[in-house]
$ cat query.cif   # mmCIF, C-alpha atoms and all ligand atoms; chains and numbers go by the auth columns
data_my_file
#
loop_
_atom_site.group_PDB
_atom_site.id
_atom_site.type_symbol
_atom_site.label_atom_id
_atom_site.label_comp_id
_atom_site.label_asym_id
_atom_site.label_seq_id
_atom_site.Cartn_x
_atom_site.Cartn_y
_atom_site.Cartn_z
_atom_site.B_iso_or_equiv
_atom_site.auth_seq_id
_atom_site.auth_asym_id
ATOM 1 C CA MET A 1 -42.546 -34.259 45.712 0.00 726 A
ATOM 2 C CA ASP A 2 -39.678 -31.785 45.423 0.00 727 A
ATOM 3 C CA CYS A 3 -40.595 -28.766 43.338 0.00 728 A
ATOM 4 C CA GLY A 4 -38.154 -26.333 44.931 0.00 729 A
ATOM 5 C CA GLN A 5 -39.160 -22.751 45.580 0.00 730 A
ATOM 6 C CA ALA A 6 -42.155 -23.054 43.265 0.00 731 A
ATOM 7 C CA CYS A 7 -44.024 -25.204 45.833 0.00 732 A
ATOM 8 C CA ALA A 8 -47.252 -24.292 47.521 0.00 733 A
ATOM 9 C CA MET A 9 -48.591 -21.636 45.210 0.00 734 A
ATOM 10 C CA ARG A 10 -52.270 -20.766 45.430 0.00 735 A
ATOM 11 C CA ILE A 11 -53.665 -21.282 41.919 0.00 736 A
ATOM 12 C CA LEU A 12 -57.106 -20.543 40.476 0.00 737 A
ATOM 13 C CA LEU A 13 -57.917 -23.142 37.795 0.00 738 A
ATOM 14 C CA VAL A 14 -60.831 -22.290 35.504 0.00 739 A
ATOM 15 C CA GLY A 15 -62.354 -25.228 33.640 0.00 740 A
ATOM 16 C CA ALA A 16 -61.035 -27.699 36.204 0.00 741 A
ATOM 17 C CA SER A 17 -63.736 -30.300 35.535 0.00 742 A
ATOM 18 C CA GLY A 18 -62.972 -30.765 31.822 0.00 743 A
ATOM 19 C CA ILE A 19 -60.678 -33.256 30.099 0.00 744 A
ATOM 20 C CA LEU A 20 -57.775 -30.812 30.140 0.00 745 A
ATOM 21 C CA GLY A 21 -58.743 -29.218 33.453 0.00 746 A
ATOM 22 C CA GLN A 22 -58.794 -32.527 35.337 0.00 747 A
ATOM 23 C CA SER A 23 -55.298 -33.334 34.125 0.00 748 A
ATOM 24 C CA VAL A 24 -54.000 -29.847 35.022 0.00 749 A
ATOM 25 C CA LEU A 25 -55.635 -30.179 38.456 0.00 750 A
ATOM 26 C CA LYS A 26 -53.963 -33.547 39.018 0.00 751 A
ATOM 27 C CA VAL A 27 -50.478 -32.396 38.053 0.00 752 A
ATOM 28 C CA LEU A 28 -50.718 -29.179 40.086 0.00 753 A
ATOM 29 C CA ARG A 29 -51.883 -31.074 43.190 0.00 754 A
ATOM 30 C CA GLU A 30 -49.131 -33.655 42.687 0.00 755 A
ATOM 31 C CA ARG A 31 -46.748 -30.714 42.881 0.00 756 A
ATOM 32 C CA SER A 32 -48.219 -29.601 46.228 0.00 757 A
ATOM 33 C CA HIS A 33 -49.983 -26.488 44.979 0.00 758 A
ATOM 34 C CA GLU A 34 -53.234 -25.339 46.525 0.00 759 A
ATOM 35 C CA VAL A 35 -55.744 -25.253 43.672 0.00 760 A
ATOM 36 C CA VAL A 36 -59.062 -23.405 43.768 0.00 761 A
ATOM 37 C CA THR A 37 -61.283 -24.837 41.041 0.00 762 A
ATOM 38 C CA ALA A 38 -63.789 -22.807 39.018 0.00 763 A
ATOM 39 C CA SER A 39 -66.348 -23.545 36.339 0.00 764 A
ATOM 40 C CA ARG A 40 -70.101 -23.158 35.852 0.00 765 A
ATOM 41 C CA LYS A 41 -70.906 -26.225 37.983 0.00 766 A
ATOM 42 C CA ASP A 42 -69.244 -28.755 40.326 0.00 767 A
ATOM 43 C CA SER A 43 -66.256 -26.578 41.310 0.00 768 A
ATOM 44 C CA ASP A 44 -65.135 -24.677 44.431 0.00 769 A
ATOM 45 C CA VAL A 45 -66.266 -21.441 42.801 0.00 770 A
ATOM 46 C CA SER A 46 -69.053 -20.998 40.281 0.00 771 A
ATOM 47 C CA VAL A 47 -68.180 -18.782 37.303 0.00 772 A
ATOM 48 C CA ASP A 48 -69.326 -18.219 33.747 0.00 773 A
ATOM 49 C CA ILE A 49 -66.326 -16.660 32.025 0.00 774 A
ATOM 50 C CA THR A 50 -68.496 -15.305 29.211 0.00 775 A
ATOM 51 C CA ASP A 51 -70.005 -12.915 31.795 0.00 776 A
ATOM 52 C CA PRO A 52 -67.645 -10.165 33.065 0.00 777 A
ATOM 53 C CA GLU A 53 -69.774 -9.681 36.205 0.00 778 A
ATOM 54 C CA SER A 54 -69.406 -13.382 37.009 0.00 779 A
ATOM 55 C CA ILE A 55 -65.612 -13.064 36.648 0.00 780 A
ATOM 56 C CA ARG A 56 -65.635 -10.028 38.954 0.00 781 A
ATOM 57 C CA ALA A 57 -67.593 -11.997 41.579 0.00 782 A
ATOM 58 C CA MET A 58 -65.207 -14.963 41.241 0.00 783 A
ATOM 59 C CA TYR A 59 -62.109 -12.839 41.907 0.00 784 A
ATOM 60 C CA GLU A 60 -63.822 -11.151 44.833 0.00 785 A
ATOM 61 C CA GLN A 61 -64.711 -14.548 46.322 0.00 786 A
ATOM 62 C CA VAL A 62 -61.324 -16.157 45.720 0.00 787 A
ATOM 63 C CA GLY A 63 -59.106 -13.257 46.775 0.00 788 A
ATOM 64 C CA ARG A 64 -55.401 -13.151 46.047 0.00 789 A
ATOM 65 C CA VAL A 65 -53.809 -15.986 44.063 0.00 790 A
ATOM 66 C CA ASP A 66 -50.322 -16.571 42.734 0.00 791 A
ATOM 67 C CA ALA A 67 -51.523 -17.828 39.359 0.00 792 A
ATOM 68 C CA VAL A 68 -54.589 -18.216 37.172 0.00 793 A
ATOM 69 C CA ALA A 69 -54.786 -21.143 34.762 0.00 794 A
ATOM 70 C CA SER A 70 -57.540 -21.322 32.154 0.00 795 A
ATOM 71 C CA ALA A 71 -58.586 -24.685 30.711 0.00 796 A
ATOM 72 C CA ALA A 72 -61.971 -23.469 29.469 0.00 797 A
ATOM 73 C CA GLY A 73 -63.210 -21.846 26.293 0.00 798 A
ATOM 74 C CA SER A 74 -65.696 -22.950 23.683 0.00 799 A
ATOM 75 C CA VAL A 75 -66.156 -22.264 19.970 0.00 800 A
ATOM 76 C CA PRO A 76 -68.729 -23.413 17.395 0.00 801 A
ATOM 77 C CA TRP A 77 -67.685 -26.000 14.802 0.00 802 A
ATOM 78 C CA LEU A 78 -69.531 -25.232 11.564 0.00 803 A
ATOM 79 C CA PRO A 79 -68.811 -25.078 7.820 0.00 804 A
ATOM 80 C CA PHE A 80 -67.959 -21.496 6.916 0.00 805 A
ATOM 81 C CA GLY A 81 -71.061 -21.159 4.766 0.00 806 A
ATOM 82 C CA GLU A 82 -73.315 -22.069 7.686 0.00 807 A
ATOM 83 C CA LEU A 83 -71.830 -19.623 10.188 0.00 808 A
ATOM 84 C CA ARG A 84 -74.270 -17.010 11.438 0.00 809 A
ATOM 85 C CA HIS A 85 -73.095 -13.689 12.843 0.00 810 A
ATOM 86 C CA GLN A 86 -74.115 -14.966 16.280 0.00 811 A
ATOM 87 C CA ASP A 87 -71.931 -18.086 15.919 0.00 812 A
ATOM 88 C CA VAL A 88 -68.860 -15.941 15.288 0.00 813 A
ATOM 89 C CA LEU A 89 -69.733 -13.744 18.262 0.00 814 A
ATOM 90 C CA ASP A 90 -70.261 -16.821 20.446 0.00 815 A
ATOM 91 C CA GLY A 91 -66.823 -18.150 19.532 0.00 816 A
ATOM 92 C CA VAL A 92 -65.081 -14.838 20.120 0.00 817 A
ATOM 93 C CA VAL A 93 -66.825 -14.352 23.461 0.00 818 A
ATOM 94 C CA GLY A 94 -66.527 -18.039 24.419 0.00 819 A
ATOM 95 C CA LYS A 95 -62.779 -18.345 23.976 0.00 820 A
ATOM 96 C CA VAL A 96 -61.215 -14.914 23.358 0.00 821 A
ATOM 97 C CA ILE A 97 -62.994 -12.191 25.319 0.00 822 A
ATOM 98 C CA SER A 98 -63.650 -14.600 28.199 0.00 823 A
ATOM 99 C CA GLN A 99 -59.928 -15.365 28.628 0.00 824 A
ATOM 100 C CA VAL A 100 -58.835 -11.779 27.982 0.00 825 A
ATOM 101 C CA GLU A 101 -61.281 -10.743 30.713 0.00 826 A
ATOM 102 C CA LEU A 102 -59.715 -13.281 33.104 0.00 827 A
ATOM 103 C CA VAL A 103 -56.432 -11.435 32.590 0.00 828 A
ATOM 104 C CA ARG A 104 -57.829 -7.892 32.460 0.00 829 A
ATOM 105 C CA GLN A 105 -59.738 -8.229 35.721 0.00 830 A
ATOM 106 C CA GLY A 106 -57.227 -10.638 37.229 0.00 831 A
ATOM 107 C CA ALA A 107 -54.395 -8.108 37.017 0.00 832 A
ATOM 108 C CA ALA A 108 -55.607 -6.695 40.351 0.00 833 A
ATOM 109 C CA HIS A 109 -55.762 -10.085 42.096 0.00 834 A
ATOM 110 C CA VAL A 110 -52.921 -12.193 40.691 0.00 835 A
ATOM 111 C CA THR A 111 -49.301 -11.852 41.734 0.00 836 A
ATOM 112 C CA GLY A 112 -47.490 -14.316 39.462 0.00 837 A
ATOM 113 C CA SER A 113 -48.837 -15.569 36.155 0.00 838 A
ATOM 114 C CA PHE A 114 -51.698 -16.260 33.793 0.00 839 A
ATOM 115 C CA THR A 115 -51.812 -19.342 31.580 0.00 840 A
ATOM 116 C CA LEU A 116 -54.417 -19.399 28.811 0.00 841 A
ATOM 117 C CA ILE A 117 -55.528 -22.159 26.453 0.00 842 A
ATOM 118 C CA THR A 118 -55.502 -22.011 22.638 0.00 843 A
ATOM 119 C CA GLY A 119 -54.969 -24.979 20.289 0.00 844 A
ATOM 120 C CA VAL A 120 -53.370 -26.360 17.149 0.00 845 A
ATOM 121 C CA LEU A 121 -55.890 -24.643 14.876 0.00 846 A
ATOM 122 C CA ALA A 122 -53.979 -21.401 15.404 0.00 847 A
ATOM 123 C CA ARG A 123 -51.343 -22.874 13.048 0.00 848 A
ATOM 124 C CA ASP A 124 -53.067 -25.718 11.207 0.00 849 A
ATOM 125 C CA PHE A 125 -56.440 -25.457 9.552 0.00 850 A
ATOM 126 C CA LEU A 126 -59.540 -27.600 9.100 0.00 851 A
ATOM 127 C CA ARG A 127 -62.947 -27.366 7.472 0.00 852 A
ATOM 128 C CA THR A 128 -65.465 -26.258 10.161 0.00 853 A
ATOM 129 C CA GLY A 129 -62.609 -24.822 12.246 0.00 854 A
ATOM 130 C CA THR A 130 -62.519 -21.182 11.118 0.00 855 A
ATOM 131 C CA VAL A 131 -63.862 -19.757 14.376 0.00 856 A
ATOM 132 C CA ALA A 132 -61.552 -21.997 16.422 0.00 857 A
ATOM 133 C CA SER A 133 -58.595 -20.765 14.341 0.00 858 A
ATOM 134 C CA LEU A 134 -59.729 -17.164 14.751 0.00 859 A
ATOM 135 C CA ALA A 135 -60.054 -17.549 18.520 0.00 860 A
ATOM 136 C CA ASN A 136 -56.801 -19.442 19.056 0.00 861 A
ATOM 137 C CA GLY A 137 -54.800 -17.035 16.889 0.00 862 A
ATOM 138 C CA ALA A 138 -56.299 -14.051 18.704 0.00 863 A
ATOM 139 C CA ILE A 139 -55.362 -15.371 22.139 0.00 864 A
ATOM 140 C CA GLU A 140 -51.831 -16.215 21.009 0.00 865 A
ATOM 141 C CA SER A 141 -51.325 -12.649 19.707 0.00 866 A
ATOM 142 C CA PHE A 142 -52.902 -11.272 22.884 0.00 867 A
ATOM 143 C CA VAL A 143 -50.480 -13.203 25.083 0.00 868 A
ATOM 144 C CA ARG A 144 -47.454 -11.952 23.148 0.00 869 A
ATOM 145 C CA ALA A 145 -48.658 -8.345 23.287 0.00 870 A
ATOM 146 C CA ALA A 146 -49.954 -8.316 26.874 0.00 871 A
ATOM 147 C CA ALA A 147 -46.644 -9.692 28.152 0.00 872 A
ATOM 148 C CA ILE A 148 -45.053 -6.342 27.282 0.00 873 A
ATOM 149 C CA GLU A 149 -47.322 -4.425 29.639 0.00 874 A
ATOM 150 C CA LEU A 150 -48.357 -6.806 32.400 0.00 875 A
ATOM 151 C CA THR A 151 -46.394 -7.011 35.611 0.00 876 A
ATOM 152 C CA GLN A 152 -47.531 -10.648 35.857 0.00 877 A
ATOM 153 C CA ARG A 153 -46.249 -13.260 33.391 0.00 878 A
ATOM 154 C CA VAL A 154 -48.698 -14.483 30.725 0.00 879 A
ATOM 155 C CA ASN A 155 -48.380 -17.539 28.459 0.00 880 A
ATOM 156 C CA ALA A 156 -50.593 -19.789 26.339 0.00 881 A
ATOM 157 C CA VAL A 157 -50.709 -23.560 25.935 0.00 882 A
ATOM 158 C CA SER A 158 -51.466 -24.578 22.343 0.00 883 A
ATOM 159 C CA PRO A 159 -52.007 -28.336 22.074 0.00 884 A
ATOM 160 C CA THR A 160 -53.098 -30.585 19.257 0.00 885 A
ATOM 161 C CA ILE A 161 -55.996 -33.009 19.842 0.00 886 A
ATOM 162 C CA PHE A 162 -55.681 -35.091 23.009 0.00 887 A
ATOM 163 C CA THR A 163 -55.618 -38.888 22.876 0.00 888 A
ATOM 164 C CA GLU A 164 -58.460 -38.721 25.400 0.00 889 A
ATOM 165 C CA SER A 165 -60.587 -36.696 22.921 0.00 890 A
ATOM 166 C CA VAL A 166 -60.092 -38.864 19.834 0.00 891 A
ATOM 167 C CA ASP A 167 -63.429 -40.636 20.316 0.00 892 A
ATOM 168 C CA ALA A 168 -65.195 -37.270 20.319 0.00 893 A
ATOM 169 C CA TYR A 169 -63.238 -35.321 17.634 0.00 894 A
ATOM 170 C CA GLY A 170 -60.958 -37.853 15.968 0.00 895 A
ATOM 171 C CA ASP A 171 -62.776 -37.863 12.603 0.00 896 A
ATOM 172 C CA LEU A 172 -62.431 -34.100 12.346 0.00 897 A
ATOM 173 C CA PHE A 173 -58.687 -34.292 13.075 0.00 898 A
ATOM 174 C CA ALA A 174 -57.930 -37.116 10.633 0.00 899 A
ATOM 175 C CA GLY A 175 -54.170 -37.515 10.233 0.00 900 A
ATOM 176 C CA PHE A 176 -53.298 -35.393 13.277 0.00 901 A
ATOM 177 C CA GLU A 177 -51.108 -37.253 15.778 0.00 902 A
ATOM 178 C CA PRO A 178 -52.874 -37.021 19.159 0.00 903 A
ATOM 179 C CA VAL A 179 -50.960 -36.309 22.369 0.00 904 A
ATOM 180 C CA PRO A 180 -51.786 -37.470 25.901 0.00 905 A
ATOM 181 C CA VAL A 181 -53.528 -34.637 27.745 0.00 906 A
ATOM 182 C CA ARG A 182 -50.828 -34.904 30.426 0.00 907 A
ATOM 183 C CA GLN A 183 -48.358 -33.307 27.974 0.00 908 A
ATOM 184 C CA ALA A 184 -50.527 -30.202 27.820 0.00 909 A
ATOM 185 C CA ALA A 185 -50.954 -30.241 31.605 0.00 910 A
ATOM 186 C CA ASN A 186 -47.168 -30.277 31.995 0.00 911 A
ATOM 187 C CA ALA A 187 -46.970 -27.115 29.887 0.00 912 A
ATOM 188 C CA TYR A 188 -49.120 -25.399 32.532 0.00 913 A
ATOM 189 C CA VAL A 189 -46.497 -26.370 35.113 0.00 914 A
ATOM 190 C CA ARG A 190 -43.831 -24.899 32.847 0.00 915 A
ATOM 191 C CA SER A 191 -45.799 -21.680 32.542 0.00 916 A
ATOM 192 C CA ILE A 192 -46.734 -21.382 36.228 0.00 917 A
ATOM 193 C CA GLU A 193 -43.477 -22.465 37.856 0.00 918 A
ATOM 194 C CA GLY A 194 -41.128 -21.153 35.184 0.00 919 A
ATOM 195 C CA HIS A 195 -39.953 -17.638 34.436 0.00 920 A
ATOM 196 C CA GLN A 196 -40.965 -17.092 30.819 0.00 921 A
ATOM 197 C CA THR A 197 -43.618 -14.676 29.613 0.00 922 A
ATOM 198 C CA GLY A 198 -45.268 -13.991 26.261 0.00 923 A
ATOM 199 C CA GLN A 199 -44.735 -17.632 25.255 0.00 924 A
ATOM 200 C CA VAL A 200 -46.986 -19.988 23.315 0.00 925 A
ATOM 201 C CA TYR A 201 -46.203 -23.592 24.254 0.00 926 A
ATOM 202 C CA GLU A 202 -47.036 -25.697 21.187 0.00 927 A
ATOM 203 C CA ILE A 203 -47.814 -29.295 22.172 0.00 928 A
ATOM 204 C CA GLY A 204 -47.841 -31.772 19.287 0.00 929 A
HETATM 205 N N1 LIG B . -59.901 -31.691 23.816 0.00 1 B
HETATM 206 C C1 LIG B . -58.876 -31.476 23.003 0.00 1 B
HETATM 207 O O1 LIG B . -58.397 -32.379 22.292 0.00 1 B
HETATM 208 C C2 LIG B . -58.262 -30.113 22.952 0.00 1 B
HETATM 209 C C3 LIG B . -57.091 -29.903 22.196 0.00 1 B
HETATM 210 C C4 LIG B . -56.543 -28.632 22.135 0.00 1 B
HETATM 211 C C5 LIG B . -57.131 -27.569 22.801 0.00 1 B
HETATM 212 N N2 LIG B . -58.262 -27.799 23.525 0.00 1 B
HETATM 213 C C6 LIG B . -58.874 -26.661 24.252 0.00 1 B
HETATM 214 O O2 LIG B . -58.820 -26.918 25.634 0.00 1 B
HETATM 215 C C7 LIG B . -59.928 -26.286 26.271 0.00 1 B
HETATM 216 C C8 LIG B . -60.626 -27.323 27.144 0.00 1 B
HETATM 217 O O3 LIG B . -60.988 -28.420 26.333 0.00 1 B
HETATM 218 P P1 LIG B . -61.614 -29.753 26.982 0.00 1 B
HETATM 219 O O4 LIG B . -61.626 -30.788 25.922 0.00 1 B
HETATM 220 O O5 LIG B . -60.946 -30.021 28.279 0.00 1 B
HETATM 221 O O6 LIG B . -63.116 -29.241 27.236 0.00 1 B
HETATM 222 P P2 LIG B . -64.209 -29.864 28.209 0.00 1 B
HETATM 223 O O7 LIG B . -63.879 -31.257 28.602 0.00 1 B
HETATM 224 O O8 LIG B . -65.513 -29.559 27.562 0.00 1 B
HETATM 225 O O9 LIG B . -64.071 -28.961 29.538 0.00 1 B
HETATM 226 C C9 LIG B . -64.368 -27.596 29.522 0.00 1 B
HETATM 227 C C10 LIG B . -64.211 -27.065 30.933 0.00 1 B
HETATM 228 O O10 LIG B . -64.465 -25.654 30.931 0.00 1 B
HETATM 229 C C11 LIG B . -65.609 -25.364 31.745 0.00 1 B
HETATM 230 N N3 LIG B . -66.345 -24.302 31.059 0.00 1 B
HETATM 231 C C12 LIG B . -66.908 -24.363 29.830 0.00 1 B
HETATM 232 N N4 LIG B . -67.505 -23.190 29.548 0.00 1 B
HETATM 233 C C13 LIG B . -67.315 -22.390 30.629 0.00 1 B
HETATM 234 C C14 LIG B . -67.716 -21.064 30.952 0.00 1 B
HETATM 235 N N5 LIG B . -68.441 -20.308 30.102 0.00 1 B
HETATM 236 N N6 LIG B . -67.352 -20.539 32.144 0.00 1 B
HETATM 237 C C15 LIG B . -66.642 -21.294 33.028 0.00 1 B
HETATM 238 N N7 LIG B . -66.236 -22.549 32.785 0.00 1 B
HETATM 239 C C16 LIG B . -66.574 -23.089 31.582 0.00 1 B
HETATM 240 C C17 LIG B . -66.375 -26.694 31.875 0.00 1 B
HETATM 241 O O11 LIG B . -67.129 -26.795 33.071 0.00 1 B
HETATM 242 P P3 LIG B . -68.665 -26.307 33.156 0.00 1 B
HETATM 243 O O12 LIG B . -69.374 -26.906 31.981 0.00 1 B
HETATM 244 O O13 LIG B . -69.128 -26.798 34.500 0.00 1 B
HETATM 245 O O14 LIG B . -68.610 -24.819 33.112 0.00 1 B
HETATM 246 C C18 LIG B . -65.196 -27.663 31.934 0.00 1 B
HETATM 247 O O15 LIG B . -64.622 -27.653 33.225 0.00 1 B
HETATM 248 C C19 LIG B . -60.826 -25.717 25.152 0.00 1 B
HETATM 249 O O16 LIG B . -60.545 -24.339 25.000 0.00 1 B
HETATM 250 C C20 LIG B . -60.350 -26.478 23.922 0.00 1 B
HETATM 251 O O17 LIG B . -60.516 -25.757 22.717 0.00 1 B
HETATM 252 C C21 LIG B . -58.832 -29.044 23.646 0.00 1 B
#

$ encode --input "query.cif" --output "structure tokens" --more "lines below"
Ligand SMILES: NC(=O)c1ccc[n+]([C@@H]2O[C@H](COP(=O)([O-])OP(=O)(O)OC[C@H]3O[C@@H](n4cnc5c(N)ncnc54)[C@H](OP(=O)(O)O)[C@@H]3O)[C@@H](O)[C@H]2O)c1
Amino acid sequence: MDCGQACAMRILLVGASGILGQSVLKVLRERSHEVVTASRKDSDVSVDITDPESIRAMYEQVGRVDAVASAAGSVPWLPFGELRHQDVLDGVVGKVISQVELVRQGAAHVTGSFTLITGVLARDFLRTGTVASLANGAIESFVRAAAIELTQRVNAVSPTIFTESVDAYGDLFAGFEPVPVRQAANAYVRSIEGHQTGQVYEIG
């Protein structure tokens, strides 16, 4: 496939085994990139992004890459009145600090770009989704601010619910129009091969 000068980048993909990660992996390989996969299990490199030491070890093992793409990040889904302090911390660590740490530590290992994952709840709101909204909004502001200082480019992909996830979360997202996960994966291509920085690519 012809992808011009953007071909053959070496890309570290975190969360490669998930619904989104598998689609990002497929599209990046279709475009001839070398992809190093990372997650807690069943990937080229084992990492727990909630643990800064684990991220340090991952970058040391992987060495220099042109781009880092994150398709990981977890938050609790609970009614506001049932949230414990620990649930909020888990969400902030699971999706915000984990991805910020990928960028903070990655600045010494990555030459080209970072692409992080957020989601529609940064701009649309649901019962049980307060921590997801908090986390997604935080990462989107982080991306816009960090782009000013980083020598690498940094963007976020902010999709609505995927068609492939409707069976799992469809009731929660009643009335939201799902998008095929491939649309979100294509936004990673846009971020990695393109020239923009500080962008939030809203999908759906
Ligand atoms: N599904 C949707 O409709 C949708 C829509 C918009 C946004 N999003 C966002 O997209 C992201 C991925 O969603 P998904 O549906 O693809 O999730 P998923 O299928 O559960 O996949 C999550 C991926 O991240 C990895 N992972 C999870 N925790 C990790 C950790 N602490 N350290 C390293 N890797 C970790 C998992 O592998 P291991 O378990 O092996 O670590 C897996 O590869 C999430 O941030 C989600 O909020 C999803």

$ atom_distance --input "query.cif" --atom1 "atom CA of Arg789 of chain A" --atom2 "atom CA of Ala871 of chain A"
20.5 Å

$ closest_residue --input "query.cif" --among "A:Ile842, A:Leu827, A:Ile736, A:Val925" --to "Ser757 of chain A" --atoms "all atoms listed in the file"
A:Ile736

$ residues_around --input "query.cif" --residues "Thr762 of chain A" --least-positions-apart "2" --cutoff "7 Å" --atoms "only C-alpha atoms" --output "PDB file with C-alpha atoms, in the coordinates of the input"
ATOM      1  CA  LEU A 737     -57.106 -20.543  40.476  1.00  0.00           C
ATOM      2  CA  LEU A 738     -57.917 -23.142  37.795  1.00  0.00           C
ATOM      3  CA  VAL A 739     -60.831 -22.290  35.504  1.00  0.00           C
ATOM      4  CA  ALA A 741     -61.035 -27.699  36.204  1.00  0.00           C
ATOM      5  CA  VAL A 760     -55.744 -25.253  43.672  1.00  0.00           C
ATOM      6  CA  SER A 768     -66.256 -26.578  41.310  1.00  0.00           C
ATOM      7  CA  ASP A 769     -65.135 -24.677  44.431  1.00  0.00           C
ATOM      8  CA  VAL A 770     -66.266 -21.441  42.801  1.00  0.00           C
TER       9      VAL A 770
END

$ residues_near_ligand --input "query.cif" --ligand "ligand LIG 1 (chain B)" --cutoff "6 Å" --atoms "all atoms listed in the file" --output "PDB file with C-alpha atoms, keeping the file's coordinate frame"
ATOM      1  CA  GLY A 740     -62.354 -25.228  33.640  1.00  0.00           C
ATOM      2  CA  ALA A 741     -61.035 -27.699  36.204  1.00  0.00           C
ATOM      3  CA  SER A 742     -63.736 -30.300  35.535  1.00  0.00           C
ATOM      4  CA  GLY A 743     -62.972 -30.765  31.822  1.00  0.00           C
ATOM      5  CA  ILE A 744     -60.678 -33.256  30.099  1.00  0.00           C
ATOM      6  CA  LEU A 745     -57.775 -30.812  30.140  1.00  0.00           C
ATOM      7  CA  GLY A 746     -58.743 -29.218  33.453  1.00  0.00           C
ATOM      8  CA  SER A 764     -66.348 -23.545  36.339  1.00  0.00           C
ATOM      9  CA  ARG A 765     -70.101 -23.158  35.852  1.00  0.00           C
ATOM     10  CA  LYS A 766     -70.906 -26.225  37.983  1.00  0.00           C
ATOM     11  CA  VAL A 772     -68.180 -18.782  37.303  1.00  0.00           C
ATOM     12  CA  ASP A 773     -69.326 -18.219  33.747  1.00  0.00           C
ATOM     13  CA  ILE A 774     -66.326 -16.660  32.025  1.00  0.00           C
ATOM     14  CA  THR A 775     -68.496 -15.305  29.211  1.00  0.00           C
ATOM     15  CA  ALA A 796     -58.586 -24.685  30.711  1.00  0.00           C
ATOM     16  CA  ALA A 797     -61.971 -23.469  29.469  1.00  0.00           C
ATOM     17  CA  GLY A 798     -63.210 -21.846  26.293  1.00  0.00           C
ATOM     18  CA  SER A 799     -65.696 -22.950  23.683  1.00  0.00           C
ATOM     19  CA  ILE A 842     -55.528 -22.159  26.453  1.00  0.00           C
ATOM     20  CA  THR A 843     -55.502 -22.011  22.638  1.00  0.00           C
ATOM     21  CA  GLY A 844     -54.969 -24.979  20.289  1.00  0.00           C
ATOM     22  CA  PRO A 884     -52.007 -28.336  22.074  1.00  0.00           C
ATOM     23  CA  THR A 885     -53.098 -30.585  19.257  1.00  0.00           C
ATOM     24  CA  ILE A 886     -55.996 -33.009  19.842  1.00  0.00           C
ATOM     25  CA  PHE A 887     -55.681 -35.091  23.009  1.00  0.00           C
ATOM     26  CA  SER A 890     -60.587 -36.696  22.921  1.00  0.00           C
TER      27      SER A 890
END

$ resolve_selection --input "query.cif" --expression "the PyMOL selection byres (((chain A and resi 777) around 12) and not hetatm)" --output "number ranges by chain"
A: 772-776, 778-784, 818-819, 822-831

$ resolve_selection --input "query.cif" --expression "the PyMOL selection byres (((chain A and resi 891) around 12) and not hetatm)" --output "list in words"
Ile744, Thr885, Ile886, Phe887, Thr888, Glu889, Ser890, Asp892, Ala893, Tyr894, Gly895, Asp896, Leu897, Phe898, Ala899, Gly900, Phe901, Glu902, Pro903, Val904, Pro905 and Val906 of chain A

$ write_last_selection --input "query.cif" --atoms "C-alpha atoms" --output "short mmCIF file (atom, residue, chain, number, x, y, z; two decimals), keeping the file's coordinate frame"
data_model
loop_
_atom_site.label_atom_id
_atom_site.label_comp_id
_atom_site.auth_asym_id
_atom_site.auth_seq_id
_atom_site.Cartn_x
_atom_site.Cartn_y
_atom_site.Cartn_z
CA ILE A 744 -60.68 -33.26 30.10
CA THR A 885 -53.10 -30.58 19.26
CA ILE A 886 -56.00 -33.01 19.84
CA PHE A 887 -55.68 -35.09 23.01
CA THR A 888 -55.62 -38.89 22.88
CA GLU A 889 -58.46 -38.72 25.40
CA SER A 890 -60.59 -36.70 22.92
CA ASP A 892 -63.43 -40.64 20.32
CA ALA A 893 -65.19 -37.27 20.32
CA TYR A 894 -63.24 -35.32 17.63
CA GLY A 895 -60.96 -37.85 15.97
CA ASP A 896 -62.78 -37.86 12.60
CA LEU A 897 -62.43 -34.10 12.35
CA PHE A 898 -58.69 -34.29 13.08
CA ALA A 899 -57.93 -37.12 10.63
CA GLY A 900 -54.17 -37.52 10.23
CA PHE A 901 -53.30 -35.39 13.28
CA GLU A 902 -51.11 -37.25 15.78
CA PRO A 903 -52.87 -37.02 19.16
CA VAL A 904 -50.96 -36.31 22.37
CA PRO A 905 -51.79 -37.47 25.90
CA VAL A 906 -53.53 -34.64 27.74
#

$ resolve_selection --input "query.cif" --expression "the PyMOL selection byres (((chain A and resi 876) around 10) and not hetatm)" --output "compact mmCIF listing (two decimals) with C-alpha atoms, in the frame of the given file"
# COMPACT_ATOMS: atom_id res chain seq x y z
CA ALA A 832 -54.40 -8.11 37.02
CA VAL A 835 -52.92 -12.19 40.69
CA THR A 836 -49.30 -11.85 41.73
CA GLY A 837 -47.49 -14.32 39.46
CA SER A 838 -48.84 -15.57 36.16
CA ALA A 871 -49.95 -8.32 26.87
CA ALA A 872 -46.64 -9.69 28.15
CA ILE A 873 -45.05 -6.34 27.28
CA GLU A 874 -47.32 -4.42 29.64
CA LEU A 875 -48.36 -6.81 32.40
CA GLN A 877 -47.53 -10.65 35.86
CA ARG A 878 -46.25 -13.26 33.39
CA VAL A 879 -48.70 -14.48 30.72

$ residues_near_point --input "query.cif" --point "(-55.3, -20.4, 32.3)" --cutoff "6 Å" --atoms "all atoms listed in the file" --output "PyMOL selection string"
chain A and resi 793-796+839-841

$ atom_distance --input "query.cif" --atom1 "atom CA of Gly788 of chain A" --atom2 "atom CA of His834 of chain A"
6.6 Å

$ closest_atom_pairs --input "query.cif" --of "segment 739-842 of chain A" --to "segment 849-861 of chain A" --cutoff "6 Å" --atoms "only C-alpha atoms" --output "CSV"
residue,atom,partner,partner_atom,distance
A:Val800,CA,A:Ala857,CA,5.8
A:Trp802,CA,A:Thr853,CA,5.2
A:Leu803,CA,A:Thr853,CA,4.4
A:Pro804,CA,A:Thr853,CA,4.3
A:Val817,CA,A:Ala860,CA,5.9
A:Val821,CA,A:Ala860,CA,5.6
